[in-house]
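What follows is the content of start_27.txt, which has compact mmCIF, C-alpha atoms and all ligand atoms:
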# COMPACT_ATOMS: atom_id res chain seq x y z
CA MET A 1 111.65 75.09 123.48
CA SER A 2 110.43 78.42 122.16
CA ARG A 3 107.70 80.30 123.89
CA PHE A 4 106.17 80.74 120.46
CA SER A 5 106.56 77.32 118.89
CA GLN A 6 102.80 77.17 118.27
CA ALA A 7 103.10 80.17 115.95
CA GLN A 8 101.19 79.96 112.71
CA PHE A 9 100.40 82.14 109.73
CA LEU A 10 97.09 83.93 110.23
CA LEU A 11 96.36 86.14 107.22
CA SER A 12 97.65 88.72 104.78
CA VAL A 13 96.07 92.14 104.92
CA ALA A 14 95.94 94.54 101.97
CA SER A 15 93.55 97.19 103.28
CA PRO A 16 92.42 98.54 106.66
CA ALA A 17 89.06 96.75 106.36
CA GLN A 18 90.84 93.39 106.33
CA LEU A 19 92.67 93.90 109.62
CA PRO A 20 91.81 91.24 112.21
CA ALA A 21 89.58 92.17 115.15
CA ASP A 22 91.34 94.68 117.36
CA VAL A 23 91.38 92.48 120.48
CA GLY A 24 94.21 90.82 122.35
CA ALA A 25 97.74 92.05 121.75
CA GLU A 26 100.03 92.41 118.78
CA VAL A 27 103.56 93.52 117.96
CA ALA A 28 104.67 94.87 114.58
CA VAL A 29 108.01 93.83 113.09
CA ALA A 30 109.69 96.16 110.62
CA GLY A 31 113.02 96.64 108.96
CA ARG A 32 114.77 97.75 105.86
CA SER A 33 114.62 95.18 103.04
CA ASN A 34 117.32 92.55 103.53
CA ALA A 35 117.91 93.54 107.17
CA GLY A 36 117.13 89.99 108.26
CA LYS A 37 113.52 90.48 109.36
CA SER A 38 112.17 87.19 107.96
CA SER A 39 115.09 85.30 109.45
CA ALA A 40 114.46 86.96 112.82
CA ILE A 41 110.77 86.00 112.78
CA ASN A 42 111.65 82.44 111.90
CA ALA A 43 114.29 82.28 114.65
CA ILE A 44 111.97 83.71 117.29
CA THR A 45 109.17 81.32 116.38
CA HIS A 46 111.58 78.42 115.74
CA ARG A 47 109.56 77.87 112.63
CA GLY A 48 111.81 77.97 109.60
CA GLY A 49 109.86 79.24 106.64
CA LEU A 50 107.02 80.78 108.62
CA ALA A 51 107.80 84.31 107.44
CA ARG A 52 108.49 83.27 103.88
CA THR A 53 105.02 84.39 102.76
CA SER A 54 106.21 87.96 103.03
CA LYS A 55 108.64 87.22 100.21
CA THR A 56 106.00 86.02 97.76
CA PRO A 57 106.16 88.37 94.75
CA GLY A 58 103.30 90.82 94.77
CA ARG A 59 102.75 90.42 98.48
CA THR A 60 105.39 92.85 99.53
CA GLN A 61 102.90 95.61 100.26
CA LEU A 62 100.82 93.39 102.51
CA LEU A 63 100.84 93.10 106.26
CA ASN A 64 101.34 89.46 107.16
CA TYR A 65 99.84 88.40 110.48
CA PHE A 66 101.07 85.47 112.54
CA GLU A 67 99.40 84.13 115.64
CA LEU A 68 102.04 83.42 118.29
CA ALA A 69 99.56 82.17 120.87
CA PRO A 70 95.81 82.70 121.31
CA GLY A 71 95.19 86.45 121.30
CA GLN A 72 98.88 87.22 120.64
CA ARG A 73 99.88 88.31 117.16
CA LEU A 74 102.97 89.35 115.26
CA VAL A 75 102.54 91.66 112.25
CA ASP A 76 105.20 91.54 109.56
CA LEU A 77 105.43 94.95 107.86
CA PRO A 78 106.65 95.35 104.28
CA GLY A 79 110.40 95.89 104.12
CA TYR A 80 111.11 99.53 103.57
CA GLY A 81 113.45 100.74 100.89
CA TYR A 82 113.73 104.36 101.89
CA ALA A 83 112.84 106.76 99.15
CA ALA A 84 114.74 109.88 100.10
CA VAL A 85 112.39 112.20 101.92
CA HIS A 86 113.45 115.73 102.63
CA ALA A 87 113.79 116.38 106.33
CA SER A 88 111.20 119.15 106.20
CA GLN A 89 108.58 116.89 104.63
CA ARG A 90 106.51 114.71 106.86
CA ARG A 91 106.41 111.23 105.47
CA ALA A 92 102.87 110.23 104.48
CA TRP A 93 102.44 106.63 105.55
CA PRO A 94 100.14 104.43 103.50
CA PRO A 95 96.61 104.25 104.97
CA LEU A 96 97.09 100.63 106.00
CA ILE A 97 100.20 101.46 108.03
CA GLU A 98 98.39 104.42 109.60
CA ALA A 99 95.46 102.17 110.50
CA LEU A 100 97.79 99.66 112.14
CA ARG A 101 99.27 102.31 114.41
CA GLU A 102 95.79 103.31 115.61
CA ARG A 103 94.98 99.83 116.87
CA ALA A 104 94.46 99.47 120.60
CA SER A 105 96.01 95.99 120.47
CA LEU A 106 99.33 97.24 119.01
CA ARG A 107 101.71 97.09 121.96
CA GLY A 108 104.96 97.83 120.27
CA LEU A 109 107.35 97.73 117.39
CA LEU A 110 110.30 95.43 116.82
CA VAL A 111 112.78 97.04 114.41
CA VAL A 112 115.34 94.83 112.68
CA ILE A 113 118.52 96.69 111.73
CA ASP A 114 121.63 95.19 110.16
CA ALA A 115 124.27 95.62 112.86
CA ARG A 116 126.87 96.53 110.26
CA ARG A 117 124.76 99.48 109.02
CA GLY A 118 123.57 100.83 112.36
CA VAL A 119 120.51 103.02 112.86
CA GLY A 120 119.86 104.88 109.61
CA ALA A 121 117.54 107.63 108.40
CA GLY A 122 114.76 105.24 107.41
CA ASP A 123 114.94 103.53 110.79
CA GLU A 124 114.64 106.94 112.41
CA GLU A 125 111.48 107.59 110.40
CA LEU A 126 110.04 104.35 111.65
CA LEU A 127 110.83 105.24 115.27
CA GLY A 128 108.77 108.38 114.69
CA TRP A 129 105.89 106.31 113.37
CA ALA A 130 105.16 104.56 116.65
CA ALA A 131 102.70 106.21 119.02
CA PRO A 132 104.17 107.38 122.34
CA HIS A 133 102.60 104.53 124.34
CA GLN A 134 103.95 101.89 121.95
CA ARG A 135 107.26 100.32 122.98
CA ILE A 136 110.15 99.96 120.54
CA HIS A 137 112.89 97.33 120.63
CA VAL A 138 115.72 97.13 118.10
CA LEU A 139 117.34 93.87 116.98
CA LEU A 140 120.85 94.55 115.69
CA SER A 141 120.84 91.65 113.28
CA LYS A 142 123.57 89.52 111.68
CA ALA A 143 125.73 90.15 114.76
CA ASP A 144 127.69 87.02 113.82
CA LYS A 145 129.34 89.10 111.10
CA LEU A 146 130.99 91.31 113.73
CA SER A 147 133.86 90.55 116.09
CA ARG A 148 132.99 90.59 119.77
CA ALA A 149 134.59 94.03 120.15
CA GLU A 150 132.77 95.41 117.11
CA ALA A 151 129.48 94.00 118.35
CA THR A 152 129.91 95.63 121.76
CA ALA A 153 130.78 98.97 120.15
CA THR A 154 127.82 98.69 117.77
CA LEU A 155 125.40 98.03 120.61
CA ARG A 156 126.73 100.98 122.63
CA GLN A 157 126.52 103.29 119.63
CA ALA A 158 122.95 102.21 118.82
CA GLN A 159 121.85 102.63 122.42
CA ALA A 160 123.35 106.11 122.51
CA GLN A 161 121.61 107.05 119.26
CA LEU A 162 118.26 105.61 120.32
CA GLY A 163 118.38 107.30 123.71
CA GLY A 164 115.19 106.72 125.65
CA ARG A 165 113.17 105.99 122.52
CA ALA A 166 113.96 102.31 122.20
CA SER A 167 115.80 99.43 123.78
CA ALA A 168 118.30 97.45 121.69
CA GLN A 169 120.11 94.13 121.63
CA LEU A 170 122.48 92.12 119.44
CA PHE A 171 120.82 89.38 117.41
CA SER A 172 121.89 86.60 115.07
CA ALA A 173 119.34 84.32 113.47
CA LEU A 174 122.25 82.26 112.14
CA LYS A 175 123.92 81.64 115.51
CA GLY A 176 120.87 82.00 117.74
CA THR A 177 122.41 84.94 119.57
CA GLY A 178 119.84 86.99 121.43
CA VAL A 179 116.86 84.89 120.37
CA ARG A 180 115.85 84.17 123.97
CA GLU A 181 116.25 87.85 124.88
CA ALA A 182 114.00 88.90 122.00
CA GLU A 183 111.41 86.29 122.99
CA GLU A 184 111.36 87.66 126.54
CA VAL A 185 110.75 91.20 125.27
CA LEU A 186 107.86 90.05 123.06
CA ALA A 187 106.36 87.90 125.80
CA ALA A 188 106.46 90.83 128.23
CA TRP A 189 104.73 93.14 125.75
CA LEU A 190 102.12 90.60 124.68
CA GLY A 191 101.41 89.10 128.11
P1 LIG B 1 114.49 90.47 105.13
O1 LIG B 1 114.46 90.98 103.74
O2 LIG B 1 114.69 91.58 106.12
O3 LIG B 1 113.33 89.61 105.51
O4 LIG B 1 115.84 89.61 105.27
P2 LIG B 1 116.10 88.03 105.25
O5 LIG B 1 115.72 87.42 106.56
O6 LIG B 1 115.51 87.44 104.02
O7 LIG B 1 117.70 88.01 105.19
C1 LIG B 1 118.39 88.75 104.19
C2 LIG B 1 119.75 88.12 103.99
O8 LIG B 1 120.52 88.19 105.17
C3 LIG B 1 119.68 86.63 103.64
O9 LIG B 1 120.68 86.36 102.70
C4 LIG B 1 119.93 85.95 104.95
O10 LIG B 1 120.53 84.67 104.80
C5 LIG B 1 120.91 86.91 105.62
N1 LIG B 1 120.79 86.83 107.09
C6 LIG B 1 119.67 86.96 107.82
N2 LIG B 1 119.93 86.82 109.14
C7 LIG B 1 121.26 86.57 109.24
C8 LIG B 1 122.14 86.32 110.35
O11 LIG B 1 121.77 86.29 111.53
N3 LIG B 1 123.46 86.17 110.05
C9 LIG B 1 123.94 86.20 108.77
N4 LIG B 1 125.24 86.04 108.60
N5 LIG B 1 123.13 86.41 107.71
C10 LIG B 1 121.82 86.59 107.94
Mind converting the file's structure to structure tokens?
Amino acid sequence: MSRFSQAQFLLSVASPAQLPADVGAEVAVAGRSNAGKSSAINAITHRGGLARTSKTPGRTQLLNYFELAPGQRLVDLPGYGYAAVHASQRRAWPPLIEALRERASLRGLLVVIDARRGVGAGDEELLGWAAPHQRIHVLLSKADKLSRAEATATLRQAQAQLGGRASAQLFSALKGTGVREAEEVLAAWLG
């Protein structure tokens, strides 16, 4: 049974004033659109359809909060599409995303990356978003689409690229690969 099988949708947030009280602990989940973020949330909570709210048209710019357990929250960030930003320009994050980072309860960031794409420029931007004390863990998603040898090589390459900035693992919502491992990481951060 999942650690988080009591997970439930809490609220959608459109502006900093709507953020829930900054108490307890929370983890943000982010990823490029179509990376498999909703599927990962559903797999980790063993609640098919829980993250579907993030797909409702017009809600894509919202933060969707889920309560995993009392005082433990997951925040689903809008999928990013990556407008090309010149390397010399600092990306201006929307005020809501800035406000999220400032929260004392934000323990870390779970980044969902399609294992076949690897860590890209937009993912790198996101790694830079997190404050130094916030942990980062990367789920290399859809690992079922890779052979065992490819998956091993992909994990090594991602770990090398991430260096000390983030930990990483292989993940497949379809096959259940790495779900337990991801749950353990979240539980450790939120506990
Ligand atoms: P999101 O936009 O990041 O929330 O991505 P979704 O979770 O909606 O998934 C995007 C697409 O990838 C969908 O067609 C999913 O069925 C597919 N997908 C997600 N996770 C997996 C997985 O573990 N394995 C495979 N093969 N496909 C997946």
Self-check item: Expected answer as an MDAnalysis selection string: residues within 10 Å of ligand LIG 1 (chain B), only C-alpha atoms and all ligand atoms
Solution: chainID A and resid 29:43 51:52 54:55 76:80 112:115 140:146 170:177
Quiz item: Nearest to Gly71 of chain A among A:Gly191, A:Gly178, A:Arg3, A:Leu110, with distances taken over all atoms listed in the file: which residue is it?
Solution: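 Checking each of A:Gly191, A:Gly178, A:Arg3, A:Leu110 against Gly71 of chain A, counting all atoms listed in the file, the winner is A:Gly191.
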Practice problem: Would you mind telling me which residue in A:Ala151, A:Ile97, A:Ala17, A:Leu162 lies nearest to Glu124 of chain A when using all atoms listed in the file? | Solution: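 For Glu124 of chain A, the nearest of the given residues is A:Leu162.
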Exercise. Go ahead and compute the interatomic distance for atom CA of Val13 of chain A and atom CA of Trp189 of chain A, in Å to one decimal.
Key: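 Interatomic distance here is 22.6 Å.
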Self-check item: Straight-line distance linking atom CA of Gln18 of chain A with atom CA of Leu68 of chain A, stated in Å to one decimal
Solution: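 So the two atoms, atom CA of Gln18 of chain A and atom CA of Leu68 of chain A, lie 19.2 Å apart.
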Exercise. Compare A:Ala69, A:Ala168, A:Ile44, A:Leu126 by their minimum atom-to-atom distance to Thr154 of chain A, counting all atoms listed in the file, and give me the closest one.
Key: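 Closest residue, counting all atoms listed in the file: A:Ala168.
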Self-check item: Spatial neighbours of Ala25 of chain A, 7 Å, all atoms listed in the file, chain gap at least 2 places, as a PyMOL selection string
Solution: chain A and resi 23+71-73+105-107+190
Quiz item: Which residue gives the smallest distance to Arg116 of chain A among A:Pro20, A:Ala130, A:Ala153, A:Leu11, with only C-alpha atoms counted?
Solution: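 So, comparing all the options, the nearest one is A:Ala153.
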Practice problem: Could you check which of A:Ala7, A:Leu19, A:Leu63, A:Val138 is closest to Glu181 of chain A, using all atoms listed in the file? | Solution: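 Distance minimum relative to Glu181 of chain A lands on A:Val138.
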Practice problem: Measure the distance from atom CA of Ser5 of chain A to atom CA of Arg47 of chain A in Å and round it to one decimal. | Solution: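 Those two atoms sit 7.0 Å apart.
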Exercise. Just the residues within 6 Å of Ala28 of chain A, please, counting only C-alpha atoms, with nothing from its chain fewer than 3 positions along; format it as a ChimeraX atom specification.
Key: /A:74-75,109
Quiz item: With all atoms listed in the file as the atoms that count, which of A:Ala21, A:Val27, A:Ala14, A:Leu186 lies nearest to Gly108 of chain A?
Solution: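 Among A:Ala21, A:Val27, A:Ala14, A:Leu186, it is A:Val27 that comes nearest to Gly108 of chain A.
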